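Chemist: The structure file run.txt (compact mmCIF, C-alpha atoms) is provided below.
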# COMPACT_ATOMS: atom_id res chain seq x y z
CA MET E 21 88.60 224.70 65.93
CA SER E 22 91.68 222.79 64.94
CA VAL E 23 91.63 220.86 61.65
CA ASP E 24 93.45 218.02 63.38
CA ARG E 25 90.77 217.80 66.06
CA LEU E 26 88.03 217.85 63.41
CA ARG E 27 89.81 214.97 61.71
CA VAL E 28 89.80 213.03 64.99
CA LEU E 29 86.05 213.66 65.33
CA ARG E 30 85.40 212.46 61.78
CA GLU E 31 87.41 209.31 62.40
CA PHE E 32 85.33 208.63 65.53
CA ALA E 33 82.15 209.01 63.46
CA ASP E 34 83.53 206.50 60.94
CA ARG E 35 84.97 203.95 63.37
CA GLY E 36 82.83 204.28 66.48
CA THR E 37 85.52 203.64 69.09
CA ILE E 38 88.41 205.54 70.64
CA GLY E 39 90.66 202.55 70.00
CA GLY E 40 89.71 202.46 66.31
CA VAL E 41 90.55 206.15 65.93
CA ALA E 42 93.84 205.73 67.77
CA GLU E 43 94.89 202.90 65.47
CA ALA E 44 93.85 204.74 62.30
CA LEU E 45 95.67 207.96 63.22
CA SER E 46 98.67 206.37 64.99
CA MET E 47 97.76 208.05 68.28
CA THR E 48 97.30 206.78 71.80
CA PRO E 49 93.71 206.32 73.06
CA SER E 50 94.31 208.92 75.76
CA ALA E 51 95.47 211.45 73.16
CA VAL E 52 92.32 210.81 71.10
CA SER E 53 90.12 211.31 74.17
CA GLN E 54 91.93 214.52 75.01
CA GLN E 55 91.50 215.90 71.48
CA LEU E 56 87.77 215.18 71.61
CA LYS E 57 87.43 216.83 75.01
CA VAL E 58 89.20 219.96 73.77
CA LEU E 59 86.99 220.04 70.66
CA ALA E 60 83.85 219.80 72.81
CA LYS E 61 85.12 222.69 74.92
CA GLU E 62 85.74 224.74 71.78
CA ALA E 63 82.28 223.88 70.44
CA GLY E 64 80.64 224.76 73.75
CA VAL E 65 78.33 221.71 73.66
CA PRO E 66 78.78 218.01 74.46
CA LEU E 67 79.83 216.06 71.39
CA LEU E 68 79.82 212.58 73.01
CA GLU E 69 77.46 210.78 75.38
CA PRO E 70 77.40 207.40 77.14
CA ASP E 71 75.87 204.46 75.27
CA GLY E 72 76.00 201.51 77.64
CA ARG E 73 79.67 200.73 78.13
CA ARG E 74 80.60 202.72 75.04
CA ILE E 75 80.22 206.31 73.90
CA ARG E 76 78.49 207.75 70.86
CA LEU E 77 78.05 211.08 69.12
CA THR E 78 75.38 213.45 70.35
CA ASP E 79 73.12 215.21 67.85
CA ALA E 80 75.49 218.16 68.04
CA GLY E 81 78.39 215.80 67.41
CA HIS E 82 76.73 214.41 64.28
CA ALA E 83 76.08 217.95 63.03
CA LEU E 84 79.71 218.95 63.59
CA VAL E 85 80.93 215.84 61.72
CA VAL E 86 79.08 217.03 58.61
CA ARG E 87 80.81 220.43 58.89
CA ALA E 88 84.12 218.67 59.56
CA ASP E 89 83.69 216.81 56.27
CA GLU E 90 83.25 220.14 54.49
CA VAL E 91 86.30 221.70 56.16
CA LEU E 92 88.53 218.71 55.49
CA ALA E 93 87.29 218.47 51.90
CA ALA E 94 88.17 222.16 51.45
CA MET E 95 91.65 221.47 52.82
CA ASP E 96 92.06 218.55 50.42
CA ARG E 97 90.97 220.77 47.53
CA ALA E 98 93.49 223.40 48.53
CA VAL E 99 96.28 220.82 48.58
CA ALA E 100 95.07 219.44 45.23
CA GLU E 101 94.98 222.91 43.67
CA MET E 102 98.55 223.57 44.75
CA SER E 103 99.47 220.21 43.28
CA HIS E 104 97.75 221.29 40.09
CA TYR E 105 100.23 224.12 39.67
CA ARG E 106 103.14 221.73 40.11
CA ALA E 107 101.92 218.85 37.93
CA SER E 108 98.33 217.75 37.82
CA PRO E 109 96.86 215.34 38.55
CA ARG E 110 99.10 213.34 40.85
CA GLY E 111 98.67 211.27 43.95
CA ARG E 112 97.51 207.96 45.33
CA VAL E 113 93.81 207.07 45.31
CA ARG E 114 92.52 204.18 47.43
CA VAL E 115 89.69 202.30 45.73
CA ALA E 116 87.53 199.51 47.19
CA LEU E 117 85.64 197.29 44.74
CA PHE E 118 83.40 194.25 45.01
CA PRO E 119 85.22 191.30 43.35
CA SER E 120 83.16 190.83 40.15
CA GLY E 121 83.15 194.59 39.57
CA ALA E 122 86.90 194.66 40.03
CA ALA E 123 87.36 191.83 37.52
CA LEU E 124 85.19 193.64 34.98
CA LEU E 125 86.47 197.21 35.32
CA LEU E 126 90.06 197.19 36.59
CA PRO E 127 91.52 195.70 33.37
CA HIS E 128 90.26 198.86 31.62
CA VAL E 129 90.88 201.40 34.39
CA LEU E 130 94.42 200.56 35.44
CA PRO E 131 95.99 200.66 31.95
CA ALA E 132 94.16 203.92 31.23
CA LEU E 133 95.77 205.51 34.29
CA ALA E 134 99.23 204.02 33.80
CA ASP E 135 100.84 207.27 32.61
CA SER E 136 98.52 209.73 34.35
CA GLY E 137 100.56 210.34 37.48
CA VAL E 138 97.74 208.86 39.56
CA GLU E 139 98.43 205.64 41.45
CA VAL E 140 95.38 203.47 42.18
CA MET E 141 95.59 201.25 45.24
CA ALA E 142 92.79 198.74 44.69
CA ALA E 143 91.32 196.38 47.26
CA ASP E 144 88.51 193.85 46.96
CA GLU E 145 85.78 194.42 49.55
CA ASP E 146 82.78 192.11 49.23
CA ALA E 147 80.41 194.21 51.33
CA PRO E 148 76.76 195.19 50.81
CA PRO E 149 75.79 198.82 50.13
CA SER E 150 74.99 199.34 53.81
CA GLU E 151 78.73 199.10 54.50
CA VAL E 152 79.79 201.87 52.11
CA SER E 153 79.94 204.60 54.74
CA ARG E 154 82.22 202.42 56.86
CA LEU E 155 84.46 201.67 53.88
CA LEU E 156 84.86 205.37 53.13
CA ALA E 157 86.77 205.66 56.39
CA ASP E 158 89.63 203.81 54.68
CA TYR E 159 89.09 204.43 50.95
CA ASP E 160 88.72 207.46 48.70
CA VAL E 161 86.38 205.71 46.24
CA VAL E 162 84.10 202.72 46.79
CA LEU E 163 82.57 200.80 43.89
CA THR E 164 79.30 199.33 45.13
CA HIS E 165 76.31 197.59 43.57
CA ARG E 166 72.61 197.35 44.38
CA ASP E 167 69.41 195.93 42.97
CA GLU E 168 67.94 198.48 40.56
CA ARG E 169 64.74 198.71 42.61
CA ALA E 170 66.59 199.38 45.85
CA PRO E 171 66.91 203.01 46.95
CA ALA E 172 70.12 204.84 46.12
CA LEU E 173 72.63 205.40 48.86
CA ALA E 174 71.84 208.60 50.67
CA GLY E 175 73.27 210.58 53.52
CA PRO E 176 75.07 213.80 54.32
CA ARG E 177 78.45 212.05 54.29
CA VAL E 178 78.17 209.95 51.12
CA ALA E 179 78.08 211.16 47.51
CA THR E 180 77.30 208.69 44.73
CA ARG E 181 77.23 208.64 40.95
CA LEU E 182 75.59 205.97 38.80
CA LEU E 183 78.13 204.11 36.71
CA MET E 184 76.26 201.39 34.77
CA ARG E 185 73.41 198.87 34.70
CA GLU E 186 74.08 195.14 34.40
CA PRO E 187 71.21 192.72 33.69
CA THR E 188 70.82 189.64 35.89
CA ASP E 189 70.16 186.37 34.03
CA VAL E 190 69.22 182.83 35.02
CA LEU E 191 72.20 180.50 34.69
CA VAL E 192 71.58 176.83 33.78
CA ALA E 193 73.66 173.87 32.65
CA PRO E 194 73.64 173.08 28.90
CA ASP E 195 71.58 169.89 29.50
CA HIS E 196 68.97 171.60 31.68
CA PRO E 197 65.37 171.32 30.35
CA LEU E 198 65.21 175.11 29.95
CA ALA E 199 68.56 175.47 28.21
CA HIS E 200 67.01 175.71 24.73
CA ARG E 201 64.84 178.69 25.69
CA THR E 202 65.59 182.31 24.79
CA GLU E 203 64.06 183.60 28.04
CA VAL E 204 62.15 182.32 31.08
CA THR E 205 59.40 183.58 33.37
CA PRO E 206 59.51 183.46 37.18
CA ALA E 207 56.63 180.95 37.22
CA GLU E 208 58.74 178.46 35.25
CA LEU E 209 61.40 178.53 37.97
CA SER E 210 59.24 177.88 41.03
CA ASP E 211 60.26 174.22 41.36
CA GLU E 212 64.00 174.72 40.81
CA THR E 213 66.85 174.28 43.28
CA TRP E 214 68.84 177.48 43.61
CA ILE E 215 72.42 178.38 44.39
CA SER E 216 72.35 181.95 45.64
CA VAL E 217 74.53 184.52 47.34
CA ARG E 218 74.37 185.78 50.89
CA GLY E 219 71.48 188.04 51.85
CA GLY E 220 71.88 191.77 51.31
CA PHE E 221 73.45 191.49 47.85
CA PRO E 222 71.66 192.38 44.56
CA VAL E 223 71.38 188.81 43.24
CA ASP E 224 69.51 187.74 46.36
CA ASP E 225 67.21 190.76 45.99
CA VAL E 226 66.16 189.52 42.52
CA LEU E 227 65.52 186.03 43.89
CA ARG E 228 63.26 187.51 46.56
CA SER E 229 61.38 189.38 43.83
CA ILE E 230 60.79 186.10 42.02
CA ALA E 231 59.39 184.66 45.23
CA THR E 232 57.04 187.63 45.57
CA LEU E 233 55.77 187.21 41.99
CA THR E 234 55.24 183.46 42.21
CA GLY E 235 54.18 183.17 45.85
CA VAL E 236 56.67 180.32 46.20
CA GLN E 237 59.70 180.56 48.43
CA PRO E 238 62.79 179.48 46.47
CA ARG E 239 64.50 176.26 47.50
CA ILE E 240 68.04 177.52 48.16
CA ALA E 241 70.54 174.69 48.53
CA GLN E 242 73.69 176.80 49.01
CA ARG E 243 74.64 180.43 49.57
CA LEU E 244 78.06 181.33 48.17
CA ASN E 245 79.52 184.68 47.15
CA ASP E 246 82.17 183.31 44.78
CA PHE E 247 80.68 183.34 41.29
CA ARG E 248 83.25 180.84 39.99
CA VAL E 249 82.14 178.27 42.59
CA ILE E 250 78.50 178.95 41.71
CA GLU E 251 79.25 178.39 38.02
CA THR E 252 80.93 175.05 38.78
CA LEU E 253 77.93 173.85 40.78
CA VAL E 254 75.48 174.94 38.07
CA LEU E 255 77.55 173.18 35.43
CA SER E 256 77.46 170.00 37.51
CA GLY E 257 73.65 170.07 37.54
CA TYR E 258 73.44 170.72 41.28
CA GLY E 259 71.06 173.65 40.76
CA ILE E 260 70.47 176.87 38.85
CA ALA E 261 71.51 180.39 39.78
CA LEU E 262 71.00 184.05 39.09
CA MET E 263 74.13 185.72 37.76
CA PRO E 264 75.01 189.26 36.65
CA ARG E 265 75.44 189.05 32.87
CA PHE E 266 79.00 190.38 32.61
CA ALA E 267 80.22 188.15 35.45
CA VAL E 268 79.59 184.81 33.70
CA ALA E 269 82.89 183.27 32.64
CA HIS E 270 82.29 179.62 31.71
CA PRO E 271 81.52 179.34 27.97
CA ASP E 272 79.32 176.22 28.30
CA LEU E 273 76.79 177.73 30.69
CA VAL E 274 73.50 179.04 29.30
CA MET E 275 72.26 182.51 30.27
CA LEU E 276 68.51 183.04 30.11
CA PRO E 277 67.05 186.55 30.45
CA LEU E 278 64.14 186.85 32.87
CA SER E 279 60.86 188.15 31.51
CA GLY E 280 58.19 189.82 33.60
CA VAL E 281 60.55 191.09 36.30
CA ARG E 282 63.12 193.85 36.51
CA ALA E 283 66.37 192.00 37.06
CA ALA E 284 69.56 194.01 37.08
CA ARG E 285 72.13 195.51 39.39
CA LEU E 286 73.38 199.07 39.31
CA TYR E 287 77.04 199.96 39.75
CA GLU E 288 77.68 203.14 41.75
CA LEU E 289 80.83 205.00 42.72
CA ALA E 290 80.73 206.41 46.24
CA THR E 291 82.97 209.09 47.73
CA ARG E 292 82.85 211.61 50.50
CA PRO E 293 81.06 214.81 49.40
CA HIS E 294 83.30 217.14 47.38
CA ALA E 295 86.04 214.50 47.05
CA ASP E 296 85.64 214.66 43.28
CA LYS E 297 87.12 218.17 43.37
CA ARG E 298 90.53 216.62 43.97
CA PRO E 299 92.17 216.17 40.55
CA ALA E 300 93.50 212.67 41.32
CA ILE E 301 90.09 211.38 42.45
CA ALA E 302 88.33 213.10 39.56
CA THR E 303 90.74 211.38 37.17
CA VAL E 304 89.99 207.97 38.68
CA LEU E 305 86.23 208.54 38.55
CA ALA E 306 86.48 209.56 34.90
CA ALA E 307 88.48 206.41 34.10
CA PHE E 308 85.77 204.24 35.66
CA GLU E 309 83.05 206.07 33.74
CA HIS E 310 84.91 205.65 30.45
CA ALA E 311 85.43 201.93 31.15
CA ALA E 312 81.77 201.41 32.02
CA ALA E 313 80.65 203.20 28.86
CA LYS E 314 82.91 200.98 26.73
CA ILE E 315 81.69 197.78 28.38
CA THR E 316 78.01 198.59 28.03
CA ALA E 317 78.51 199.74 24.42
CA ASP E 318 80.25 196.47 23.55
The structure in this file should be written as structure tokens.
Modeler:
Amino acid sequence: MSVDRLRVLREFADRGTIGGVAEALSMTPSAVSQQLKVLAKEAGVPLLEPDGRRIRLTDAGHALVVRADEVLAAMDRAVAEMSHYRASPRGRVRVALFPSGAALLLPHVLPALADSGVEVMAADEDAPPSEVSRLLADYDVVLTHRDERAPALAGPRVATRLLMREPTDVLVAPDHPLAHRTEVTPAELSDETWISVRGGFPVDDVLRSIATLTGVQPRIAQRLNDFRVIETLVLSGYGIALMPRFAVAHPDLVMLPLSGVRAARLYELATRPHADKRPAIATVLAAFEHAAAKITAD
């Protein structure tokens, strides 16, 4: 089986359409279809099947994608090892990060890699953990976050490593009745107006946990994913919010730890399996781990 055809199959698994593969690999749709037909002939089993007006991978196709990942990872390692003999590590690493994680970690990571020979191409991607597999079609490393009670990302095509834990606090204005407290319980928040984030993100998961503990559905006035906008609204007295501790920027806002509930988000770095064997990617992962250790120690 040709490595190029295996790459086409993997791209189809990531993108789901012939057109998406064609665009990603700078091929024509007919050339993509032809490569997949030849690969199916080589495999001796159907790799694609109709799915309404579209096509999808068969069970055999999914199985071959996992093996394709292994083959392509081995090829990447071979290239990286040859690079190692020339000057290691070197190369460009594409990294996707959620915005508040990028603001926290990149100021440490990028300077640390400045003279390493590794170029980081960072992009902000505000997507929930369920989107990580899709993002890995375009990025080498994805920084994601999840509620600490949520299950870890799992799957034959995603490898993750825990980076750090960040507590989630209640954010109130300085003149709020609770502002003088050192901590609050969920029961004390049942009558508050909330400014939250969109569903599927860790902060919203904590808010749902509060609702479970109190039996009261939170009164959510707005859902916004920009923490700076949320801070402005909290400061104005419009409502209160849950905020990851290291993301709070305004000095006048009051952060109150929650008691009686586990409230934190976990940062995780996701890659394709075996991608960390490439020296450039390994160097980037190590830089993130060092940055996270410094931040949590401080």
Chemist: Give me, please, the distance in Å between CA of Arg110 (chain E) and CA of Arg35 (chain E), quoted to one decimal.
Modeler: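 Pair CA of Arg110 (chain E) / CA of Arg35 (chain E) returns 28.2 Å.
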Chemist: Write out as a ChimeraX atom specification each polymer residue whose atoms come within 7 Å of Met184 (chain E), counting all atoms listed in the file; drop sequence neighbours fewer than 3 positions from it.
Modeler: /E:286-287,312
Chemist: I need the residue nearest Pro277 (chain E) from this list: E:Leu305, E:Leu191, E:Val217, E:Val226. Use all atoms listed in the file for the distance.
Modeler: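 Among the listed residues, the smallest separation from Pro277 (chain E) belongs to E:Leu191.
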Chemist: Using only C-alpha atoms, which protein or nucleic acid residues come within 8 Å of Ser279 (chain E)? Drop anything in the same chain fewer than 2 positions from it, and give the result as a ChimeraX atom specification.
Modeler: /E:203-206,277,281-282
Chemist: Using only the atoms of region 40-49 of chain E listed in the file, plus 6 Å on each side, state the axis-aligned box centre and edge lengths in Å rounded to one decimal, as lines of an AutoDock Vina configuration file.
Modeler:
center_x = 94.2
center_y = 205.3
center_z = 67.7
size_x = 21.0
size_y = 17.6
size_z = 22.8
Chemist: Near Asp146 (chain E), within 8 Å and counting only C-alpha atoms, which residues show up once chain neighbours fewer than 2 positions away are dropped, as a list in words?
Modeler: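 Skipping anything fewer than 2 positions along the chain leaves Leu117, Phe118, Pro119, Asp144 and Pro148 of chain E.
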Chemist: Can you pull out every residue within 9 Å of Arg27 (chain E), counting all atoms listed in the file, but drop anything in the same chain fewer than 5 positions away, and send it as a VMD selection string?
Modeler: chain E and resid 22 32 85 88 to 89 92
Chemist: Keeping only C-alpha atoms, write the selected residues to a file as a compact mmCIF listing (two decimals), in the frame of the given file.
Modeler:
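Printed below is part33.txt as written:
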# COMPACT_ATOMS: atom_id res chain seq x y z
CA SER E 22 91.68 222.79 64.94
CA PHE E 32 85.33 208.63 65.53
CA VAL E 85 80.93 215.84 61.72
CA ALA E 88 84.12 218.67 59.56
CA ASP E 89 83.69 216.81 56.27
CA LEU E 92 88.53 218.71 55.49
Chemist: Using only C-alpha atoms, which of E:Gly72, E:Pro194, E:Pro149, E:Gly257 sits nearest Ile215 (chain E)?
Modeler: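 Using only C-alpha atoms, Ile215 (chain E) sits closest to E:Gly257.
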Chemist: Skipping near chain neighbours, those fewer than 4 positions away, what residues fall within 12 Å of Ala33 (chain E) using only C-alpha atoms, listed as a PDB file with C-alpha atoms, in the coordinates of the input?
Modeler:
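Writing done, so here's part_8.pdb:
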ATOM      1  CA  LEU E  26      88.030 217.850  63.410  1.00  0.00           C
ATOM      2  CA  ARG E  27      89.810 214.970  61.710  1.00  0.00           C
ATOM      3  CA  VAL E  28      89.800 213.030  64.990  1.00  0.00           C
ATOM      4  CA  LEU E  29      86.050 213.660  65.330  1.00  0.00           C
ATOM      5  CA  THR E  37      85.520 203.640  69.090  1.00  0.00           C
ATOM      6  CA  ILE E  38      88.410 205.540  70.640  1.00  0.00           C
ATOM      7  CA  GLY E  40      89.710 202.460  66.310  1.00  0.00           C
ATOM      8  CA  VAL E  41      90.550 206.150  65.930  1.00  0.00           C
ATOM      9  CA  LEU E  56      87.770 215.180  71.610  1.00  0.00           C
ATOM     10  CA  LEU E  67      79.830 216.060  71.390  1.00  0.00           C
ATOM     11  CA  LEU E  68      79.820 212.580  73.010  1.00  0.00           C
ATOM     12  CA  ILE E  75      80.220 206.310  73.900  1.00  0.00           C
ATOM     13  CA  ARG E  76      78.490 207.750  70.860  1.00  0.00           C
ATOM     14  CA  LEU E  77      78.050 211.080  69.120  1.00  0.00           C
ATOM     15  CA  THR E  78      75.380 213.450  70.350  1.00  0.00           C
ATOM     16  CA  ASP E  79      73.120 215.210  67.850  1.00  0.00           C
ATOM     17  CA  GLY E  81      78.390 215.800  67.410  1.00  0.00           C
ATOM     18  CA  HIS E  82      76.730 214.410  64.280  1.00  0.00           C
ATOM     19  CA  ALA E  83      76.080 217.950  63.030  1.00  0.00           C
ATOM     20  CA  LEU E  84      79.710 218.950  63.590  1.00  0.00           C
ATOM     21  CA  VAL E  85      80.930 215.840  61.720  1.00  0.00           C
ATOM     22  CA  VAL E  86      79.080 217.030  58.610  1.00  0.00           C
ATOM     23  CA  ALA E  88      84.120 218.670  59.560  1.00  0.00           C
ATOM     24  CA  ASP E  89      83.690 216.810  56.270  1.00  0.00           C
ATOM     25  CA  SER E 153      79.940 204.600  54.740  1.00  0.00           C
ATOM     26  CA  ARG E 154      82.220 202.420  56.860  1.00  0.00           C
ATOM     27  CA  LEU E 156      84.860 205.370  53.130  1.00  0.00           C
ATOM     28  CA  ALA E 157      86.770 205.660  56.390  1.00  0.00           C
ATOM     29  CA  ARG E 177      78.450 212.050  54.290  1.00  0.00           C
TER      30      ARG E 177
END
Chemist: Go through E:Asn245, E:Thr213, E:Ser136, E:Gln55 and flag the residue nearest Asp24 (chain E), using only C-alpha atoms for the distances.
Modeler: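 Checking each candidate against Asp24 (chain E), we get E:Gln55 as the closest.
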Chemist: Find, counting all atoms listed in the file, the residue in E:Ala142, E:Ile230, E:Leu182, E:Ala94 that gets nearest to Arg298 (chain E).
Modeler: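 Smallest distance to Arg298 (chain E) is found for E:Ala94.
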Chemist: Restricting the calculation to all atoms listed in the file, which member of E:Ala44, E:Val161, E:Leu227, E:Val99 is positioned closest to Ala302 (chain E)?
Modeler: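 Answer, going by the shortest atom-to-atom distance: E:Val161.
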Chemist: Using only C-alpha atoms, what residues lie at most 8 Å away from (70.7, 174.7, 49.8) (file coordinates), given as a list in words?
Modeler: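 Every polymer residue passing the test: Thr213, Trp214, Ile215, Arg239, Ile240, Ala241, Gln242 and Arg243 of chain E.
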Chemist: Given the choices E:Leu45, E:Val192, E:Val274, E:Ala313, which gets closest to Tyr258 (chain E) if the distance is worked out from all atoms listed in the file?
Modeler: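 Among the listed residues, E:Val192 lies closest to Tyr258 (chain E).
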Chemist: Show me the residues around (93.1, 211.3, 42.4) - criterion: an atom at most 8 Å away, all atoms listed in the file counted - as JSON, numbers by chain.
Modeler: {"E": [109, 110, 111, 112, 113, 138, 139, 298, 299, 300, 301, 302, 303, 304]}
Chemist: Please measure the separation of CA of Arg74 (chain E) and CA of Val152 (chain E), giving the value in Å to one decimal.
Modeler: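 Distance between the two atoms: 23.0 Å.
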Chemist: Calculate how many Å separate CA of Asp160 (chain E) from CA of Ala306 (chain E), rounding to one decimal.
Modeler: 14.1 Å
